[in-house]
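Note sheet for the following structure.
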Amino acid sequence: MAMEDNFGEEDLATVAIGSPIHRFSHPLEIERASNSIDGVDSVSSLPDHILHSILSFVPSNIAIRTSALSKRWRHVWSESPYLSFDQLGLSPKSINETLSNYSATEITSFHLVTSLLSRIHFVNNWIGFAISHGAASLSLDFRDSLVEDYKLPDFFYTNSSVEQLLIVSSGPVGLIPSCNVSWTSLKYLSLTCCKLSDESFPKILSGCPMLESLKLQSYGSVKYLDLSKSLHLTRLDIDCCSSVREPTEIVAPHIHYLRLRAQCTLIDVSSLIEANVDSSVNYHLPSNISYKEAEPLKLAIVQAMLEKLQNVDKLTLGVEFLRILSKSELHGVLLATLKVKTLTLETMILRPVVPGIARLIQNSPEVKKITIYSMQFSTVLNLNPDQGWRSIKDHVVFPNTWDSKVPEPELMVSFIELLLANIITLETLVVRLGSYSTDRSRFEEQFQIALTLSHNNNEVSVALR
């Protein structure tokens, strides 16, 4: 294969000289920057496996250019177990030529960004090359609309070497095997915008006996996700709603961690230790019901969700979940008592969410640490901690207009006073100030006031970050 002897000024070489990794604007600077010993630079004297690790940070077409540095580098790229191609900027001929000159017997990582336009047979060949070389990590990123008509070949589903598989697509790529699936070493599976169904996905899961982590995003028409036979599966991440109107039912009795950003019904998550839940899309409700009729249905979903999460040690809830939860007392909805020890709230301190936070804390008698990710304050809070948590509407007043005379730090402090005064078990309160960190001195002053005024006799560590 023809190699380039000249390097453009825009080329970058990434090399390791001791630690950390350094970047040079021109490959010829490598020799000047390194300590020469008998005419050999210290980078070139490194063992092959370290040089391969260095080259793993750049696409393969860039790694190839290092072969022009010296005889020492001539074959380093071809023996590296890391291959990465962005076919959008390369011709199929160039990739084929690279693979024909590749000499390593095994691949650790194979990453491909590709367009399928008139190149399906090339894509299948490249995937076959990765599988035949035992790629432990396989990442496929499809970038055009034709992917909707593409189905991965049958040989793709028989692979005993792959341990991590990531598929990302700009359209719903077909992951519908017509054969048995055998991914006997697979531990991590991430699928984004893939065609899945209640018929095809169980077949995939049955072929992954060692699966430990599953991530699904825009995952098609799966209505029932049964993970009860995935005995090693401990992490589940579901993002974006499916294409069906009904929420996906989840049976996952072995998972320890759940991240949920989709409309799902939890059937069995009995081993769950940590959960991160929110939703930024509307719940799947009939289109012919009014807003007033929809509220109780949304609350029922939230109520059922908390019932399933009542035994977790760590719980993170987002703004949409808290907004719906804020209506629970008004509608007389009973909530489960939570055993959560560490509670994280990813929300701004806003009018629609504060009652939900209050109700949540009412039902978390064992909480020891609360972290609030707060980015801004757009509502005036007027809180009176003397009245306790008896009824949130009695002591949270939201004026209809913005009172510019009340500084934002004071708003947050008022809310924290209420927390400190009423949560007996609290040991640590962390407030992430976000974009308001420039007012740190003002916040620290107000926090000292909050601690002084608090009716809580226990010592509580309050941290600003």
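Chain labels follow the order of the structure tokens: the first chain is A, the next B, and so on; residue numbering restarts at 1 in every chain, and ligands are counted from 1 in their shown order.
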Backbone-only DSSP, helix (DSSP H, G or I) members of stretch 19-251 of chain A, as JSON, numbers by chain
{"A": [29, 30, 31, 32, 33, 48, 49, 50, 51, 52, 53, 54, 55, 60, 61, 62, 63, 64, 65, 66, 67, 68, 71, 72, 73, 77, 78, 79, 87, 88, 89, 92, 93, 94, 95, 96, 97, 98, 99, 100, 120, 121, 122, 123, 124, 125, 126, 127, 128, 129, 130, 131, 132, 145, 146, 147, 148, 149, 154, 155, 156, 157, 200, 201, 202, 203, 204, 205, 206]}
If you keep C-alpha atoms, can you produce a file of those selected residues as a PDB file, in the first residue's frame?
ATOM      1  CA  GLU A  29       8.610  17.458  16.511  1.00  0.00           C
ATOM      2  CA  ILE A  30       8.524  14.059  18.190  1.00  0.00           C
ATOM      3  CA  GLU A  31      12.251  13.587  17.790  1.00  0.00           C
ATOM      4  CA  ARG A  32      13.063  17.109  18.975  1.00  0.00           C
ATOM      5  CA  ALA A  33      10.765  16.782  22.002  1.00  0.00           C
ATOM      6  CA  ASP A  48       4.859  -2.395  20.791  1.00  0.00           C
ATOM      7  CA  HIS A  49       1.844  -2.750  23.050  1.00  0.00           C
ATOM      8  CA  ILE A  50       2.334   0.808  24.347  1.00  0.00           C
ATOM      9  CA  LEU A  51       2.714   2.188  20.823  1.00  0.00           C
ATOM     10  CA  HIS A  52      -0.454   0.321  19.842  1.00  0.00           C
ATOM     11  CA  SER A  53      -2.254   1.902  22.781  1.00  0.00           C
ATOM     12  CA  ILE A  54      -1.084   5.352  21.627  1.00  0.00           C
ATOM     13  CA  LEU A  55      -2.369   4.715  18.098  1.00  0.00           C
ATOM     14  CA  SER A  60      -6.599   4.099  11.452  1.00  0.00           C
ATOM     15  CA  ASN A  61      -5.994   6.277   8.392  1.00  0.00           C
ATOM     16  CA  ILE A  62      -4.048   8.669  10.649  1.00  0.00           C
ATOM     17  CA  ALA A  63      -2.229   5.827  12.431  1.00  0.00           C
ATOM     18  CA  ILE A  64      -0.987   4.553   9.061  1.00  0.00           C
ATOM     19  CA  ARG A  65       0.902   7.806   8.487  1.00  0.00           C
ATOM     20  CA  THR A  66       3.242   7.049  11.394  1.00  0.00           C
ATOM     21  CA  SER A  67       4.838   4.369   9.194  1.00  0.00           C
ATOM     22  CA  ALA A  68       6.748   7.175   7.455  1.00  0.00           C
ATOM     23  CA  LYS A  71      11.793   1.874  10.102  1.00  0.00           C
ATOM     24  CA  ARG A  72      10.739   1.267  13.704  1.00  0.00           C
ATOM     25  CA  TRP A  73       7.271   2.624  12.946  1.00  0.00           C
ATOM     26  CA  TRP A  77       0.029   0.355  12.764  1.00  0.00           C
ATOM     27  CA  SER A  78      -0.579  -2.950  10.932  1.00  0.00           C
ATOM     28  CA  GLU A  79       0.027  -4.951  14.110  1.00  0.00           C
ATOM     29  CA  GLN A  87     -15.972   5.813   6.060  1.00  0.00           C
ATOM     30  CA  LEU A  88     -17.772   9.118   5.473  1.00  0.00           C
ATOM     31  CA  GLY A  89     -14.362  10.650   4.804  1.00  0.00           C
ATOM     32  CA  PRO A  92     -14.275   1.880   0.292  1.00  0.00           C
ATOM     33  CA  LYS A  93     -11.109   1.232  -1.721  1.00  0.00           C
ATOM     34  CA  SER A  94      -8.999   2.932   0.937  1.00  0.00           C
ATOM     35  CA  ILE A  95     -10.518   0.841   3.753  1.00  0.00           C
ATOM     36  CA  ASN A  96     -10.152  -2.370   1.745  1.00  0.00           C
ATOM     37  CA  GLU A  97      -6.507  -1.538   1.048  1.00  0.00           C
ATOM     38  CA  THR A  98      -5.884  -0.890   4.737  1.00  0.00           C
ATOM     39  CA  LEU A  99      -7.434  -4.206   5.754  1.00  0.00           C
ATOM     40  CA  SER A 100      -5.433  -6.089   3.096  1.00  0.00           C
ATOM     41  CA  ILE A 120     -23.868  -2.630   1.599  1.00  0.00           C
ATOM     42  CA  HIS A 121     -21.618  -5.450   0.392  1.00  0.00           C
ATOM     43  CA  PHE A 122     -18.551  -3.487   1.522  1.00  0.00           C
ATOM     44  CA  VAL A 123     -20.063  -2.894   4.969  1.00  0.00           C
ATOM     45  CA  ASN A 124     -20.892  -6.576   5.377  1.00  0.00           C
ATOM     46  CA  ASN A 125     -17.332  -7.500   4.367  1.00  0.00           C
ATOM     47  CA  TRP A 126     -15.835  -5.067   6.896  1.00  0.00           C
ATOM     48  CA  ILE A 127     -18.045  -6.429   9.662  1.00  0.00           C
ATOM     49  CA  GLY A 128     -17.057  -9.953   8.640  1.00  0.00           C
ATOM     50  CA  PHE A 129     -13.388  -8.966   8.830  1.00  0.00           C
ATOM     51  CA  ALA A 130     -13.818  -7.735  12.406  1.00  0.00           C
ATOM     52  CA  ILE A 131     -15.648 -10.895  13.457  1.00  0.00           C
ATOM     53  CA  SER A 132     -13.107 -13.204  11.793  1.00  0.00           C
ATOM     54  CA  SER A 145     -31.552   6.958   5.588  1.00  0.00           C
ATOM     55  CA  LEU A 146     -30.955   3.766   3.586  1.00  0.00           C
ATOM     56  CA  VAL A 147     -30.226   2.001   6.854  1.00  0.00           C
ATOM     57  CA  GLU A 148     -33.982   1.500   7.288  1.00  0.00           C
ATOM     58  CA  ASP A 149     -33.844  -1.059   4.481  1.00  0.00           C
ATOM     59  CA  ASP A 154     -26.871 -13.787   9.519  1.00  0.00           C
ATOM     60  CA  PHE A 155     -23.159 -14.343  10.187  1.00  0.00           C
ATOM     61  CA  PHE A 156     -23.265 -11.231  12.412  1.00  0.00           C
ATOM     62  CA  TYR A 157     -25.322 -13.161  14.989  1.00  0.00           C
ATOM     63  CA  SER A 200     -36.895 -10.709  17.857  1.00  0.00           C
ATOM     64  CA  PHE A 201     -35.482  -9.338  21.089  1.00  0.00           C
ATOM     65  CA  PRO A 202     -36.040 -12.440  23.251  1.00  0.00           C
ATOM     66  CA  LYS A 203     -34.078 -14.374  20.625  1.00  0.00           C
ATOM     67  CA  ILE A 204     -31.210 -11.903  20.994  1.00  0.00           C
ATOM     68  CA  LEU A 205     -31.298 -12.077  24.793  1.00  0.00           C
ATOM     69  CA  SER A 206     -31.290 -15.867  24.775  1.00  0.00           C
TER      70      SER A 206
END
Compile the contact shell of A:Leu140 as a PyMOL selection string: residues with an atom at most 7 Å away, counting only C-alpha atoms, same-chain residues fewer than 3 positions apart removed.
chain A and resi 111-113+166-168
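Here the question is which of A:Lys223, A:His256, A:Lys327, A:Arg261 gets nearest to A:Val312 using only C-alpha atoms, and that residue is A:His256.
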Filtered DSSP result for stretch 49-295 of chain A, state strand (DSSP E or B), as a PyMOL selection string:
chain A and resi 82-86+109-114+137-142+151+158+164-174+182+188-195+197+213-217+221+224-226+235-239+248-251+257-261+264-268+274-277
Measuring atom to atom with only C-alpha atoms, identify which of A:Gln217, A:Ser109, A:Asn101, A:Ser44 is nearest to A:Tyr82.
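Selected residue with least distance to A:Tyr82: A:Ser109.
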Mind pulling up the distance from atom CA of A:Pro209 to atom CA of A:Ser170?
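Spanning atom CA of A:Ser170 to atom CA of A:Pro209 is a straight-line distance of 28.7 Å.
If you count only C-alpha atoms and ignore residues fewer than 6 places along the chain from A:Val353, what sits within 10 Å of it is A:Gly318, A:Val319, A:Glu320, A:Phe321, A:Leu322, A:Arg323, A:Ile324, A:Leu325, A:Ser326, A:Lys327, A:Thr347.
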Create the file for the chosen residues now, containing N, CA, C and O atoms and written as an mmCIF file, in the first residue's frame.
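Final file, selection_12.cif:
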data_model
loop_
_atom_site.group_PDB
_atom_site.id
_atom_site.type_symbol
_atom_site.label_atom_id
_atom_site.label_comp_id
_atom_site.auth_asym_id
_atom_site.auth_seq_id
_atom_site.Cartn_x
_atom_site.Cartn_y
_atom_site.Cartn_z
ATOM 1 N N GLY A 318 -35.784 13.356 38.385
ATOM 2 C CA GLY A 318 -35.687 14.553 37.569
ATOM 3 C C GLY A 318 -36.905 15.444 37.699
ATOM 4 O O GLY A 318 -37.886 15.130 38.375
ATOM 5 N N VAL A 319 -36.845 16.564 37.005
ATOM 6 C CA VAL A 319 -37.829 17.631 37.168
ATOM 7 C C VAL A 319 -39.229 17.197 36.742
ATOM 8 O O VAL A 319 -40.223 17.568 37.386
ATOM 9 N N GLU A 320 -39.353 16.412 35.676
ATOM 10 C CA GLU A 320 -40.682 16.011 35.209
ATOM 11 C C GLU A 320 -41.361 15.074 36.205
ATOM 12 O O GLU A 320 -42.553 15.183 36.478
ATOM 13 N N PHE A 321 -40.593 14.146 36.749
ATOM 14 C CA PHE A 321 -41.125 13.234 37.758
ATOM 15 C C PHE A 321 -41.605 14.016 38.977
ATOM 16 O O PHE A 321 -42.689 13.778 39.517
ATOM 17 N N LEU A 322 -40.795 14.983 39.412
ATOM 18 C CA LEU A 322 -41.147 15.791 40.584
ATOM 19 C C LEU A 322 -42.358 16.676 40.317
ATOM 20 O O LEU A 322 -43.174 16.926 41.207
ATOM 21 N N ARG A 323 -42.469 17.155 39.086
ATOM 22 C CA ARG A 323 -43.618 18.006 38.733
ATOM 23 C C ARG A 323 -44.924 17.228 38.879
ATOM 24 O O ARG A 323 -45.914 17.729 39.425
ATOM 25 N N ILE A 324 -44.929 16.002 38.396
ATOM 26 C CA ILE A 324 -46.140 15.176 38.512
ATOM 27 C C ILE A 324 -46.393 14.808 39.968
ATOM 28 O O ILE A 324 -47.524 14.834 40.457
ATOM 29 N N LEU A 325 -45.304 14.496 40.677
ATOM 30 C CA LEU A 325 -45.424 14.123 42.086
ATOM 31 C C LEU A 325 -46.000 15.267 42.919
ATOM 32 O O LEU A 325 -46.662 15.038 43.945
ATOM 33 N N SER A 326 -45.793 16.505 42.482
ATOM 34 C CA SER A 326 -46.288 17.668 43.223
ATOM 35 C C SER A 326 -47.805 17.705 43.315
ATOM 36 O O SER A 326 -48.363 18.382 44.193
ATOM 37 N N LYS A 327 -48.495 17.000 42.443
ATOM 38 C CA LYS A 327 -49.962 16.988 42.465
ATOM 39 C C LYS A 327 -50.526 15.904 43.380
ATOM 40 O O LYS A 327 -51.734 15.800 43.540
ATOM 41 N N THR A 347 -33.033 19.103 39.425
ATOM 42 C CA THR A 347 -34.122 20.030 39.151
ATOM 43 C C THR A 347 -33.732 21.443 39.541
ATOM 44 O O THR A 347 -32.862 21.655 40.392
#
What gap, in Å, lies between atom CA of A:Ile361 and atom CA of A:Pro296?
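Computing the Euclidean distance for atom CA of A:Ile361 and atom CA of A:Pro296 yields 21.2 Å.
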Interatomic distance, atom CA of A:Gly134 to atom CA of A:Ser161 (Å, one decimal)
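Going from atom CA of A:Gly134 over to atom CA of A:Ser161, I get 5.2 Å.
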Considering only C-alpha atoms, can you say which of A:Lys298, A:Lys187, A:Lys341, A:His254 comes closest to A:Ser270?
A:His254
